[in-house]
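Here is the file protein.tsv (TSV, C-alpha atoms and all ligand atoms).
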chain	number	residue	atom	x	y	z
U	1	MET	CA	-70.13	-33.39	20.51
U	2	ASP	CA	-70.92	-32.24	17.05
U	3	PRO	CA	-74.44	-31.74	15.69
U	4	GLY	CA	-74.59	-35.40	14.79
U	5	HIS	CA	-75.20	-36.06	18.47
U	6	VAL	CA	-78.09	-33.68	19.15
U	7	PRO	CA	-80.16	-35.17	21.97
U	8	THR	CA	-83.51	-36.75	21.28
U	9	VAL	CA	-85.54	-34.14	23.10
U	10	MET	CA	-83.93	-31.52	20.93
U	11	ILE	CA	-84.76	-33.48	17.80
U	12	LEU	CA	-88.39	-33.55	18.80
U	13	ALA	CA	-88.26	-29.89	19.74
U	14	VAL	CA	-86.90	-29.02	16.36
U	15	VAL	CA	-89.71	-30.76	14.55
U	16	LEU	CA	-92.10	-28.52	16.38
U	17	SER	CA	-89.94	-25.52	15.71
U	18	LEU	CA	-90.24	-25.94	11.98
U	19	VAL	CA	-93.97	-25.36	12.12
U	20	GLY	CA	-93.60	-22.61	14.68
U	21	THR	CA	-94.16	-18.88	14.68
U	22	ALA	CA	-93.65	-16.61	11.72
U	23	VAL	CA	-90.45	-14.57	11.68
U	24	THR	CA	-90.75	-10.84	12.20
U	25	GLN	CA	-87.99	-8.95	10.42
U	26	GLN	CA	-88.03	-5.75	12.49
U	27	HIS	CA	-86.17	-5.94	15.79
U	28	ALA	CA	-83.77	-3.90	17.87
U	29	ALA	CA	-80.10	-4.91	17.58
U	30	SER	CA	-79.35	-4.48	21.29
U	31	PHE	CA	-79.49	-7.06	24.05
U	32	PRO	CA	-80.90	-6.01	27.42
U	33	GLU	CA	-78.37	-4.17	29.64
U	34	ASP	CA	-78.14	-7.05	32.10
U	35	PHE	CA	-77.84	-9.80	29.46
U	36	ILE	CA	-74.99	-12.20	30.34
U	37	PHE	CA	-72.36	-13.28	27.84
U	38	GLY	CA	-69.77	-15.98	28.31
U	39	ALA	CA	-67.52	-18.64	26.83
U	40	ALA	CA	-67.30	-22.33	27.75
U	41	THR	CA	-64.91	-25.25	28.07
U	42	ALA	CA	-64.99	-28.65	29.80
U	43	SER	CA	-62.40	-30.29	32.04
U	44	TYR	CA	-61.40	-33.29	29.90
U	45	GLN	CA	-61.27	-31.14	26.78
U	46	VAL	CA	-58.85	-28.50	28.13
U	47	GLU	CA	-57.21	-29.33	31.46
U	48	GLY	CA	-54.65	-32.02	30.65
U	49	ALA	CA	-52.54	-33.00	33.70
U	50	TRP	CA	-54.47	-36.27	33.54
U	51	ASN	CA	-52.53	-37.98	36.33
U	52	GLU	CA	-50.91	-35.05	38.15
U	53	ASP	CA	-51.19	-34.05	41.80
U	54	GLY	CA	-53.34	-37.00	42.82
U	55	LYS	CA	-56.01	-36.86	40.11
U	56	GLY	CA	-57.75	-40.21	39.59
U	57	GLU	CA	-58.36	-41.85	36.24
U	58	ASN	CA	-61.67	-41.16	34.51
U	59	ILE	CA	-63.60	-43.05	31.84
U	60	TRP	CA	-62.27	-40.89	28.99
U	61	ASP	CA	-58.67	-41.41	30.16
U	62	ARG	CA	-59.31	-45.14	30.20
U	63	MET	CA	-61.11	-45.37	26.89
U	64	LEU	CA	-58.66	-43.29	24.86
U	65	HIS	CA	-55.59	-44.89	26.46
U	66	GLU	CA	-56.87	-48.39	25.76
U	67	HIS	CA	-58.35	-47.52	22.38
U	68	PRO	CA	-56.44	-44.74	20.66
U	69	GLU	CA	-58.07	-45.96	17.44
U	70	TYR	CA	-61.41	-44.59	18.65
U	71	SER	CA	-60.23	-40.99	18.25
U	72	SER	CA	-58.95	-39.05	15.30
U	73	ASN	CA	-55.12	-39.38	15.13
U	74	GLY	CA	-55.20	-41.20	18.48
U	75	ASP	CA	-55.65	-37.82	20.21
U	76	ASN	CA	-56.51	-37.80	23.91
U	77	GLY	CA	-56.85	-35.39	26.85
U	78	ASP	CA	-53.55	-36.21	28.61
U	79	VAL	CA	-52.24	-32.70	27.94
U	80	ALA	CA	-55.04	-31.06	25.92
U	81	CYS	CA	-54.72	-27.24	26.30
U	82	ASP	CA	-52.83	-27.68	29.59
U	83	SER	CA	-55.30	-25.38	31.32
U	84	TYR	CA	-54.39	-27.04	34.61
U	85	HIS	CA	-51.15	-25.05	34.40
U	86	LYS	CA	-52.24	-22.22	32.11
U	87	TYR	CA	-55.51	-21.20	33.79
U	88	GLN	CA	-54.26	-17.68	34.46
U	89	GLU	CA	-53.64	-17.20	30.76
U	90	ASP	CA	-57.13	-18.55	30.06
U	91	VAL	CA	-58.60	-15.96	32.42
U	92	GLN	CA	-56.73	-13.19	30.63
U	93	MET	CA	-58.19	-14.43	27.32
U	94	LEU	CA	-61.66	-14.33	28.87
U	95	LYS	CA	-61.01	-10.82	30.15
U	96	ALA	CA	-59.88	-9.69	26.70
U	97	LEU	CA	-63.17	-11.10	25.34
U	98	GLY	CA	-65.14	-9.05	27.85
U	99	VAL	CA	-67.22	-11.99	29.11
U	100	ASP	CA	-69.48	-11.81	32.15
U	101	VAL	CA	-69.21	-15.56	32.89
U	102	TYR	CA	-66.85	-18.45	32.24
U	103	ARG	CA	-68.52	-21.83	32.00
U	104	PHE	CA	-66.07	-24.60	32.91
U	105	SER	CA	-66.52	-28.05	34.40
U	106	ILE	CA	-65.05	-29.76	37.41
U	107	SER	CA	-63.25	-33.04	36.92
U	108	TRP	CA	-64.83	-35.32	39.53
U	109	ALA	CA	-61.74	-37.58	39.63
U	110	ARG	CA	-59.42	-34.60	40.20
U	111	ILE	CA	-61.26	-33.92	43.45
U	112	LEU	CA	-62.35	-37.42	44.39
U	113	PRO	CA	-59.90	-39.83	42.72
U	114	THR	CA	-62.01	-42.88	43.63
U	115	GLY	CA	-65.31	-41.09	43.07
U	116	ASP	CA	-66.11	-41.38	46.76
U	117	LEU	CA	-65.40	-39.22	49.82
U	118	ASP	CA	-62.79	-41.69	51.16
U	119	VAL	CA	-60.04	-39.72	49.45
U	120	ILE	CA	-60.41	-35.97	49.03
U	121	ASN	CA	-57.64	-34.64	46.81
U	122	GLN	CA	-56.72	-31.23	48.20
U	123	PRO	CA	-54.57	-30.17	45.19
U	124	GLY	CA	-57.65	-30.67	43.01
U	125	ILE	CA	-59.73	-28.48	45.29
U	126	ASP	CA	-56.92	-25.92	45.32
U	127	TYR	CA	-56.88	-25.83	41.52
U	128	TYR	CA	-60.57	-24.96	41.27
U	129	ASN	CA	-60.31	-22.46	44.12
U	130	ASN	CA	-57.46	-20.76	42.29
U	131	LEU	CA	-59.42	-20.68	39.04
U	132	ILE	CA	-62.58	-19.34	40.71
U	133	ASN	CA	-60.64	-16.70	42.64
U	134	GLU	CA	-58.72	-15.65	39.53
U	135	LEU	CA	-61.99	-15.26	37.63
U	136	LEU	CA	-63.61	-13.20	40.35
U	137	ALA	CA	-60.52	-11.01	40.70
U	138	ASN	CA	-60.95	-10.23	36.99
U	139	GLY	CA	-64.65	-9.47	37.26
U	140	ILE	CA	-65.83	-12.77	35.73
U	141	GLN	CA	-68.47	-14.99	37.33
U	142	PRO	CA	-67.81	-18.76	37.39
U	143	MET	CA	-70.55	-20.93	35.83
U	144	VAL	CA	-69.73	-24.44	37.00
U	145	THR	CA	-70.76	-27.67	35.30
U	146	MET	CA	-70.56	-30.45	37.86
U	147	TYR	CA	-70.42	-33.27	35.33
U	148	HIS	CA	-69.21	-32.91	31.76
U	149	TRP	CA	-68.80	-36.59	30.95
U	150	ASP	CA	-65.59	-37.55	32.83
U	151	LEU	CA	-66.82	-40.11	35.37
U	152	PRO	CA	-64.15	-41.48	37.76
U	153	GLN	CA	-63.12	-44.88	36.42
U	154	ALA	CA	-63.58	-46.32	39.91
U	155	LEU	CA	-67.33	-45.70	39.56
U	156	GLN	CA	-67.37	-47.39	36.17
U	157	TYR	CA	-65.98	-50.50	37.88
U	158	ILE	CA	-69.33	-50.76	39.67
U	159	GLY	CA	-71.25	-50.32	36.44
U	160	GLY	CA	-71.26	-46.56	35.97
U	161	TRP	CA	-74.49	-44.62	35.42
U	162	PRO	CA	-76.74	-47.66	34.79
U	163	ASN	CA	-76.18	-48.53	38.45
U	164	PRO	CA	-78.77	-46.57	40.49
U	165	ILE	CA	-76.30	-46.20	43.36
U	166	LEU	CA	-74.42	-43.63	41.26
U	167	ALA	CA	-77.06	-41.09	42.30
U	168	ASP	CA	-75.83	-41.43	45.90
U	169	TYR	CA	-72.23	-40.86	44.85
U	170	PHE	CA	-73.21	-37.84	42.76
U	171	VAL	CA	-75.10	-36.23	45.63
U	172	GLU	CA	-72.09	-36.59	47.95
U	173	TYR	CA	-69.83	-35.12	45.25
U	174	ALA	CA	-72.32	-32.27	44.79
U	175	ARG	CA	-72.36	-31.62	48.54
U	176	LEU	CA	-68.58	-31.34	48.53
U	177	LEU	CA	-68.69	-28.85	45.63
U	178	PHE	CA	-71.33	-26.72	47.36
U	179	ASP	CA	-69.30	-26.80	50.60
U	180	GLU	CA	-65.99	-25.95	48.97
U	181	PHE	CA	-67.02	-23.49	46.25
U	182	GLY	CA	-70.62	-22.48	46.93
U	183	ASP	CA	-69.65	-19.30	48.75
U	184	ARG	CA	-68.41	-17.88	45.43
U	185	VAL	CA	-70.30	-19.80	42.71
U	186	ARG	CA	-73.75	-18.47	41.78
U	187	TRP	CA	-74.21	-20.56	38.63
U	188	TRP	CA	-74.39	-24.35	38.96
U	189	ILE	CA	-75.16	-26.81	36.15
U	190	THR	CA	-75.55	-30.44	37.21
U	191	PHE	CA	-75.15	-32.40	33.97
U	192	ASN	CA	-73.99	-31.43	30.50
U	193	GLU	CA	-76.16	-33.02	27.80
U	194	PRO	CA	-77.34	-36.21	29.52
U	195	ALA	CA	-78.79	-37.53	26.27
U	196	SER	CA	-75.33	-37.33	24.69
U	197	PHE	CA	-73.26	-38.98	27.39
U	198	VAL	CA	-75.64	-41.86	28.12
U	199	GLY	CA	-74.69	-42.80	24.56
U	200	GLY	CA	-71.53	-44.16	26.17
U	201	TYR	CA	-73.72	-47.09	27.27
U	202	SER	CA	-75.25	-47.72	23.87
U	203	SER	CA	-72.39	-48.07	21.42
U	204	VAL	CA	-68.69	-48.69	21.03
U	205	GLY	CA	-66.03	-46.11	20.26
U	206	VAL	CA	-68.15	-42.97	20.26
U	207	ALA	CA	-68.34	-41.90	23.89
U	208	ALA	CA	-66.88	-43.29	27.13
U	209	PRO	CA	-67.25	-45.80	28.65
U	210	SER	CA	-67.99	-47.42	25.28
U	211	GLN	CA	-70.42	-50.08	26.50
U	212	ASN	CA	-72.49	-51.88	23.91
U	213	ALA	CA	-75.89	-52.00	25.63
U	214	SER	CA	-78.10	-50.07	23.23
U	215	GLY	CA	-81.68	-49.47	24.29
U	216	ILE	CA	-81.01	-50.81	27.80
U	217	GLY	CA	-77.81	-49.39	29.32
U	218	ASP	CA	-78.51	-45.90	28.01
U	219	TYR	CA	-82.05	-45.86	29.45
U	220	LEU	CA	-80.84	-47.15	32.81
U	221	ALA	CA	-78.10	-44.53	32.82
U	222	ALA	CA	-80.58	-41.78	31.93
U	223	HIS	CA	-82.82	-42.84	34.80
U	224	THR	CA	-79.97	-42.61	37.31
U	225	VAL	CA	-78.89	-39.24	35.92
U	226	LEU	CA	-82.40	-37.81	36.24
U	227	ARG	CA	-82.57	-38.99	39.85
U	228	ALA	CA	-79.09	-37.66	40.58
U	229	HIS	CA	-80.02	-34.28	39.11
U	230	ALA	CA	-83.21	-34.08	41.13
U	231	ARG	CA	-81.47	-35.04	44.36
U	232	ALA	CA	-78.58	-32.60	43.87
U	233	TYR	CA	-81.13	-29.89	43.11
U	234	ARG	CA	-83.07	-30.68	46.30
U	235	LEU	CA	-79.86	-30.73	48.33
U	236	TYR	CA	-78.94	-27.27	47.08
U	237	ASP	CA	-82.46	-25.95	47.43
U	238	GLU	CA	-82.93	-27.17	50.98
U	239	GLN	CA	-79.47	-26.78	52.48
U	240	TYR	CA	-77.50	-24.18	50.51
U	241	ARG	CA	-79.67	-21.82	48.49
U	242	ALA	CA	-80.70	-19.51	51.32
U	243	ALA	CA	-77.25	-19.23	52.83
U	244	GLN	CA	-75.17	-19.00	49.68
U	245	ASN	CA	-77.00	-16.63	47.27
U	246	GLY	CA	-80.63	-15.50	46.38
U	247	THR	CA	-80.09	-17.57	43.11
U	248	SER	CA	-82.89	-18.67	40.81
U	249	ASP	CA	-83.47	-21.71	38.62
U	250	PHE	CA	-82.89	-21.51	34.91
U	251	PHE	CA	-83.38	-23.66	31.83
U	252	GLY	CA	-79.99	-24.34	30.21
U	253	ILE	CA	-79.90	-25.34	26.55
U	254	ASN	CA	-77.02	-26.31	24.26
U	255	HIS	CA	-77.77	-25.80	20.59
U	256	TYR	CA	-75.72	-26.29	17.44
U	257	ALA	CA	-77.95	-27.02	14.46
U	258	THR	CA	-81.46	-27.84	13.34
U	259	LYS	CA	-82.39	-31.35	12.35
U	260	PHE	CA	-85.22	-32.04	9.97
U	261	VAL	CA	-86.90	-35.36	10.68
U	262	ILE	CA	-89.87	-37.29	9.39
U	263	SER	CA	-91.76	-40.07	11.11
U	264	GLY	CA	-90.44	-43.57	10.59
U	265	GLU	CA	-87.94	-46.01	12.04
U	266	GLU	CA	-84.17	-46.11	11.88
U	267	GLY	CA	-81.36	-47.38	14.09
U	268	ILE	CA	-80.76	-50.80	15.58
U	269	SER	CA	-83.30	-52.53	17.77
U	270	PRO	CA	-83.48	-51.81	20.62
U	271	SER	CA	-82.23	-48.23	20.61
U	272	MET	CA	-83.25	-44.76	21.67
U	273	THR	CA	-82.97	-43.67	18.06
U	274	ARG	CA	-85.53	-46.26	16.99
U	275	ASP	CA	-87.80	-45.37	19.87
U	276	THR	CA	-88.05	-41.73	18.74
U	277	GLY	CA	-90.05	-42.94	15.75
U	278	THR	CA	-88.21	-40.50	13.51
U	279	VAL	CA	-85.88	-40.63	10.54
U	280	LEU	CA	-83.28	-37.92	10.10
U	281	VAL	CA	-83.53	-36.22	6.73
U	282	ASP	CA	-81.20	-33.23	7.05
U	283	THR	CA	-79.09	-31.20	9.50
U	284	GLN	CA	-78.51	-27.51	8.87
U	285	ASN	CA	-77.30	-24.34	10.48
U	286	TYR	CA	-80.67	-22.63	10.53
U	287	PRO	CA	-80.90	-19.77	13.06
U	288	THR	CA	-84.68	-19.49	12.67
U	289	GLY	CA	-84.91	-23.06	13.93
U	290	PHE	CA	-83.12	-21.93	17.08
U	291	ARG	CA	-85.45	-18.96	17.51
U	292	ASN	CA	-88.42	-21.28	17.21
U	293	LEU	CA	-86.86	-23.75	19.64
U	294	LEU	CA	-86.46	-20.96	22.20
U	295	ASN	CA	-90.12	-20.09	21.72
U	296	TRP	CA	-91.02	-23.73	22.25
U	297	ILE	CA	-89.02	-23.85	25.49
U	298	ALA	CA	-90.77	-20.71	26.75
U	299	ALA	CA	-94.16	-22.27	26.03
U	300	GLU	CA	-93.30	-25.68	27.54
U	301	TYR	CA	-91.49	-24.37	30.62
U	302	PRO	CA	-93.21	-21.09	31.46
U	303	GLY	CA	-91.70	-19.05	34.25
U	304	TYR	CA	-88.10	-20.20	33.75
U	305	GLN	CA	-85.36	-17.92	32.56
U	306	VAL	CA	-83.34	-19.47	29.74
U	307	VAL	CA	-79.57	-19.55	29.35
U	308	VAL	CA	-77.98	-20.71	26.13
U	309	THR	CA	-75.15	-22.72	27.68
U	310	GLU	CA	-73.44	-23.69	24.39
U	311	ASN	CA	-73.60	-22.60	20.77
U	312	GLY	CA	-70.82	-22.70	18.19
U	313	LEU	CA	-69.49	-23.87	14.85
U	314	ARG	CA	-66.94	-26.54	13.99
U	315	THR	CA	-64.43	-25.46	11.39
U	316	GLY	CA	-60.99	-26.41	10.16
U	317	ALA	CA	-57.81	-24.60	11.17
U	318	GLY	CA	-57.06	-20.90	10.72
U	319	ILE	CA	-57.59	-17.62	12.51
U	320	ASN	CA	-59.52	-15.85	9.74
U	321	ASP	CA	-62.71	-17.61	10.68
U	322	THR	CA	-65.34	-15.63	8.80
U	323	ASP	CA	-67.62	-18.68	8.75
U	324	ARG	CA	-67.60	-18.75	12.57
U	325	ILE	CA	-68.37	-15.00	12.72
U	326	GLU	CA	-71.31	-15.43	10.36
U	327	TYR	CA	-72.58	-18.35	12.39
U	328	TYR	CA	-72.34	-16.54	15.73
U	329	VAL	CA	-73.84	-13.28	14.51
U	330	SER	CA	-76.75	-14.98	12.79
U	331	TYR	CA	-77.47	-17.21	15.80
U	332	LEU	CA	-77.19	-14.26	18.18
U	333	ASP	CA	-79.61	-12.42	15.93
U	334	ALA	CA	-82.03	-15.33	16.37
U	335	VAL	CA	-81.63	-15.07	20.15
U	336	LEU	CA	-82.18	-11.33	19.97
U	337	GLN	CA	-85.40	-11.76	18.02
U	338	ALA	CA	-86.58	-14.37	20.51
U	339	VAL	CA	-85.92	-11.90	23.33
U	340	ASN	CA	-86.94	-8.57	21.85
U	341	THR	CA	-89.70	-9.58	19.45
U	342	ASP	CA	-91.11	-12.78	20.94
U	343	GLY	CA	-90.57	-12.01	24.62
U	344	VAL	CA	-88.71	-15.25	25.40
U	345	PRO	CA	-86.88	-14.75	28.73
U	346	VAL	CA	-83.37	-15.63	27.51
U	347	ILE	CA	-81.01	-14.01	30.01
U	348	GLY	CA	-77.64	-15.29	28.84
U	349	TYR	CA	-75.60	-16.79	26.04
U	350	VAL	CA	-72.39	-18.81	26.34
U	351	ALA	CA	-70.26	-19.52	23.27
U	352	TRP	CA	-68.59	-22.86	22.67
U	353	SER	CA	-65.69	-22.57	22.94
U	354	LEU	CA	-63.17	-20.24	24.51
U	355	MET	CA	-60.40	-22.05	22.62
U	356	ASP	CA	-59.71	-24.98	20.34
U	357	ASN	CA	-59.61	-28.15	22.41
U	358	LEU	CA	-60.01	-31.93	22.34
U	359	GLU	CA	-63.30	-32.45	20.53
U	360	TRP	CA	-63.78	-35.86	22.19
U	361	THR	CA	-63.21	-38.64	19.63
U	362	GLY	CA	-63.00	-35.94	16.94
U	363	GLY	CA	-59.59	-35.02	18.36
U	364	PHE	CA	-57.73	-31.74	17.99
U	365	SER	CA	-58.33	-31.23	14.29
U	366	VAL	CA	-61.95	-30.21	14.88
U	367	LYS	CA	-61.86	-26.52	15.82
U	368	PHE	CA	-64.53	-24.70	17.83
U	369	GLY	CA	-62.40	-22.00	19.52
U	370	LEU	CA	-62.52	-18.23	19.60
U	371	TYR	CA	-58.82	-18.63	20.31
U	372	GLU	CA	-56.55	-20.87	18.30
U	373	VAL	CA	-54.31	-23.26	20.21
U	374	ASP	CA	-51.17	-24.46	18.45
U	375	PHE	CA	-51.08	-28.13	19.47
U	376	ASP	CA	-47.83	-28.68	17.57
U	377	ASP	CA	-45.98	-26.31	19.89
U	378	PRO	CA	-45.29	-27.83	23.36
U	379	ASP	CA	-46.05	-24.42	24.92
U	380	LEU	CA	-49.57	-24.59	23.45
U	381	PRO	CA	-49.69	-20.87	22.61
U	382	ARG	CA	-53.13	-19.26	22.19
U	383	THR	CA	-53.90	-16.72	19.45
U	384	PRO	CA	-57.17	-14.79	19.10
U	385	LYS	CA	-59.09	-15.55	15.92
U	386	ALA	CA	-61.03	-12.92	13.97
U	387	SER	CA	-64.17	-14.22	15.73
U	388	ALA	CA	-62.68	-13.30	19.13
U	389	GLY	CA	-62.53	-9.66	18.02
U	390	VAL	CA	-66.14	-9.59	16.78
U	391	MET	CA	-67.51	-11.50	19.76
U	392	GLY	CA	-65.53	-9.29	22.15
U	393	ASP	CA	-67.25	-6.24	20.65
U	394	ILE	CA	-70.67	-7.89	20.95
U	395	PHE	CA	-70.03	-8.97	24.55
U	396	ARG	CA	-68.87	-5.51	25.60
U	397	THR	CA	-71.45	-3.40	23.73
U	398	LYS	CA	-74.34	-5.92	23.98
U	399	GLN	CA	-75.08	-5.01	20.38
U	400	LEU	CA	-74.90	-6.89	17.11
U	401	PRO	CA	-72.93	-5.42	14.22
U	402	THR	CA	-75.94	-4.56	12.03
U	403	ASP	CA	-73.84	-3.72	8.96
U	404	PHE	CA	-72.32	-7.19	9.14
U	405	LEU	CA	-75.74	-8.73	9.67
U	406	GLN	CA	-77.21	-7.02	6.62
U	407	SER	CA	-74.45	-8.46	4.49
U	408	PHE	CA	-75.75	-12.00	4.84
U	409	VAL	CA	-79.17	-12.12	6.52
E	1	LIG	C1	-71.29	-30.41	22.86
E	1	LIG	C2	-70.45	-30.76	24.08
E	1	LIG	C3	-69.16	-29.98	24.16
E	1	LIG	C4	-68.50	-29.85	22.81
E	1	LIG	C5	-69.48	-29.34	21.78
E	1	LIG	C6	-68.88	-29.13	20.40
E	1	LIG	O1	-72.21	-31.43	22.59
E	1	LIG	O2	-71.21	-30.48	25.23
E	1	LIG	O3	-68.33	-30.59	25.10
E	1	LIG	O4	-67.94	-31.05	22.42
E	1	LIG	O5	-70.55	-30.24	21.67
Taking this structure as input, can you express it in the form of structure tokens?
Amino acid sequence: MDPGHVPTVMILAVVLSLVGTAVTQQHAASFPEDFIFGAATASYQVEGAWNEDGKGENIWDRMLHEHPEYSSNGDNGDVACDSYHKYQEDVQMLKALGVDVYRFSISWARILPTGDLDVINQPGIDYYNNLINELLANGIQPMVTMYHWDLPQALQYIGGWPNPILADYFVEYARLLFDEFGDRVRWWITFNEPASFVGGYSSVGVAAPSQNASGIGDYLAAHTVLRAHARAYRLYDEQYRAAQNGTSDFFGINHYATKFVISGEEGISPSMTRDTGTVLVDTQNYPTGFRNLLNWIAAEYPGYQVVVTENGLRTGAGINDTDRIEYYVSYLDAVLQAVNTDGVPVIGYVAWSLMDNLEWTGGFSVKFGLYEVDFDDPDLPRTPKASAGVMGDIFRTKQLPTDFLQSFV
């Protein structure tokens, strides 16, 4: 979601970041040799094929079919970028960008239409096997998000995430993913932005499943998600880690903008917003805030390598996206300073997004892509934007264009 939905923990982190370390201007413009670059998408935002080949309905299908008025222009993910059929083209775009990893998510209901192991949908498994194999054949590592907000509707019928039993379902789903794909996947992410998607249990029309239980449903959901994460982690650690890779844990962070807050109270009662005890004053693209946040993470979670799992800028249409280039280069410069000057162990950076896609209730008119997708053409052709050229150079050379940097830093 856009910066308006930055999770609470990040808001608090940002407050600290504003009083953080002083910025040192001198730094090398090269990332370490083994630094990992990538681009990201999520299943509901790009796959389409919402009811093809045995896929089950999920909570975003349900919400945007029943309530087209919740999204801009009534847009939904029925077709999206049609990556279900065009994944080979997507991989060629990734290859042209020179990425090391592709972060994508698995649609739970495409594999388990009812959310449970009763029905295992082989075409869904085949799709992700094909995608993973295509990536590897092109020298790109899969980075798999197990849950990027598209819960099977069947599990919402029993209450969704506020029901603690969802942790059991998630662990069985995780086991299936490790069994089916773990021989080739070295990067697993359990949940994308829990603090964002539990918002689906606190308000109407913003995020699925659109349940109005502010300050109760969202906390219950968050509790289940934390337990589900911990149990899936333990499952992997105890039963898969040794056999499948010599992997290591990492701290994944999505970051879009810095929020400036002061103490106070806002939001309805009860609500998570109110409980933070903060009032939002301003939101800005402020790369130094990101650098300071990375320093804060290193201090709070010592010993963990950090991967920036999303970073990007929303713009309007057009392929001459100078604003996106400026954003990426200045944020990458902040990462570089955190690594080279401050010694923060950031080992990777994944841009959001590979291509324009369904920005949830923001619809298709909100653009985050390195590639443009023409949603008016039924073939959904992809065209590289200017940012794809600049980011491709950065990904391949692991260097920032210093001349460009000097023009605006
Ligand atoms: C993040 C989401 C991602 C995308 C970006 C713009 O919060 O994880 O799916 O919508 O925002």
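Between U:Asp53 and the candidates U:Asp323, U:Asp126, U:Asp183, U:Asp342, the tightest atom-to-atom separation, counting all atoms listed in the file, involves U:Asp126.
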Please identify all protein, DNA and RNA residues within 10 Å of ligand LIG 1 (chain E), counting all atoms listed in the file, and report them as JSON, numbers by chain. {"U": [1, 2, 3, 4, 5, 6, 7, 40, 41, 42, 43, 44, 45, 105, 148, 149, 191, 192, 193, 194, 195, 196, 197, 254, 255, 256, 309, 310, 311, 312, 313, 314, 351, 352, 353, 357, 358, 359, 360, 361, 362, 366, 367, 368, 369]}
Do you have, as a tab-separated table, the list of residues of stretch 98-131 of chain U lying at most 10 Å from stretch 78-93 of chain U, each with its nearest atom pair and that distance in Å to one decimal, counting all atoms listed in the file and ordered by chain then number?
residue	atom	partner	partner_atom	distance
U:Gly98	CA	U:Met93	CA	8.8
U:Val99	CA	U:Met93	CA	9.5
U:Tyr102	CA	U:Val91	CA	8.6
U:Gly124	CA	U:Tyr84	CA	9.7
U:Tyr127	CA	U:Tyr84	CA	7.4
U:Tyr128	CA	U:Tyr84	CA	9.3
U:Asn130	CA	U:Tyr87	CA	8.7
U:Leu131	CA	U:Tyr87	CA	6.6
Mind giving me the axis-aligned box for stretch 322-333 of chain U with 8 Å on every side, centre plus edges in Å to one decimal, as lines of an AutoDock Vina configuration file?
center_x = -72.5
center_y = -15.6
center_z = 13.5
size_x = 30.3
size_y = 22.3
size_z = 25.4
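Nearest-residue note for U:Gln141: choosing from U:Ser210, U:Ile106, U:Phe37, U:Val279, the minimum distance belongs to U:Phe37, counting all atoms listed in the file.
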Give the answer as one residue: which of U:Ala299, U:Leu370, U:Ile59, U:Val204 has the shortest atom-to-atom distance to U:Leu155, using all atoms listed in the file? U:Ile59
Set the distance at 7 Å and use only C-alpha atoms: which residues neighbour stretch 108-118 of chain U once local chain neighbours fewer than 5 positions away are removed? I'd like the list as a list in words. Lys55, Gly56, Glu57, Asn58, Gly124, Ile125, Leu151, Pro152, Ala154, Leu155 and Tyr169 of chain U
Considering only C-alpha atoms, return as a VMD selection string whatever protein or nucleic-acid residues lie within 10 Å of U:Ile319, sequence-local ones (same chain, fewer than 2 positions apart) excluded. chain U and resid 316 to 317 321 to 322 369 to 372 383 to 388
As an exercise, work out the distance from atom CA of U:Val390 to atom CA of U:Thr288 in Å and give it to one decimal place. 21.4 Å
Could you jot down the atom CA of U:Gly252 to atom CA of U:Glu265 separation for me, Å, one decimal place? 29.4 Å
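Atom CA of U:Gly200 is positioned 11.0 Å from atom CA of U:Ala222.
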Selected residue of minimal separation from U:Arg324 among U:Arg184, U:Gly389, U:Met146, U:Asn245, counting only C-alpha atoms: U:Gly389
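Considering the residues U:Ala334, U:Leu135, U:Leu400, U:Ala29 and counting only C-alpha atoms, U:Tyr286 has its shortest atom-to-atom contact with U:Ala334.
Nearest to U:Asp403 of all the residues U:Val329, U:Ala39, U:Ala230, U:Ala96 is U:Val329, counting all atoms listed in the file.
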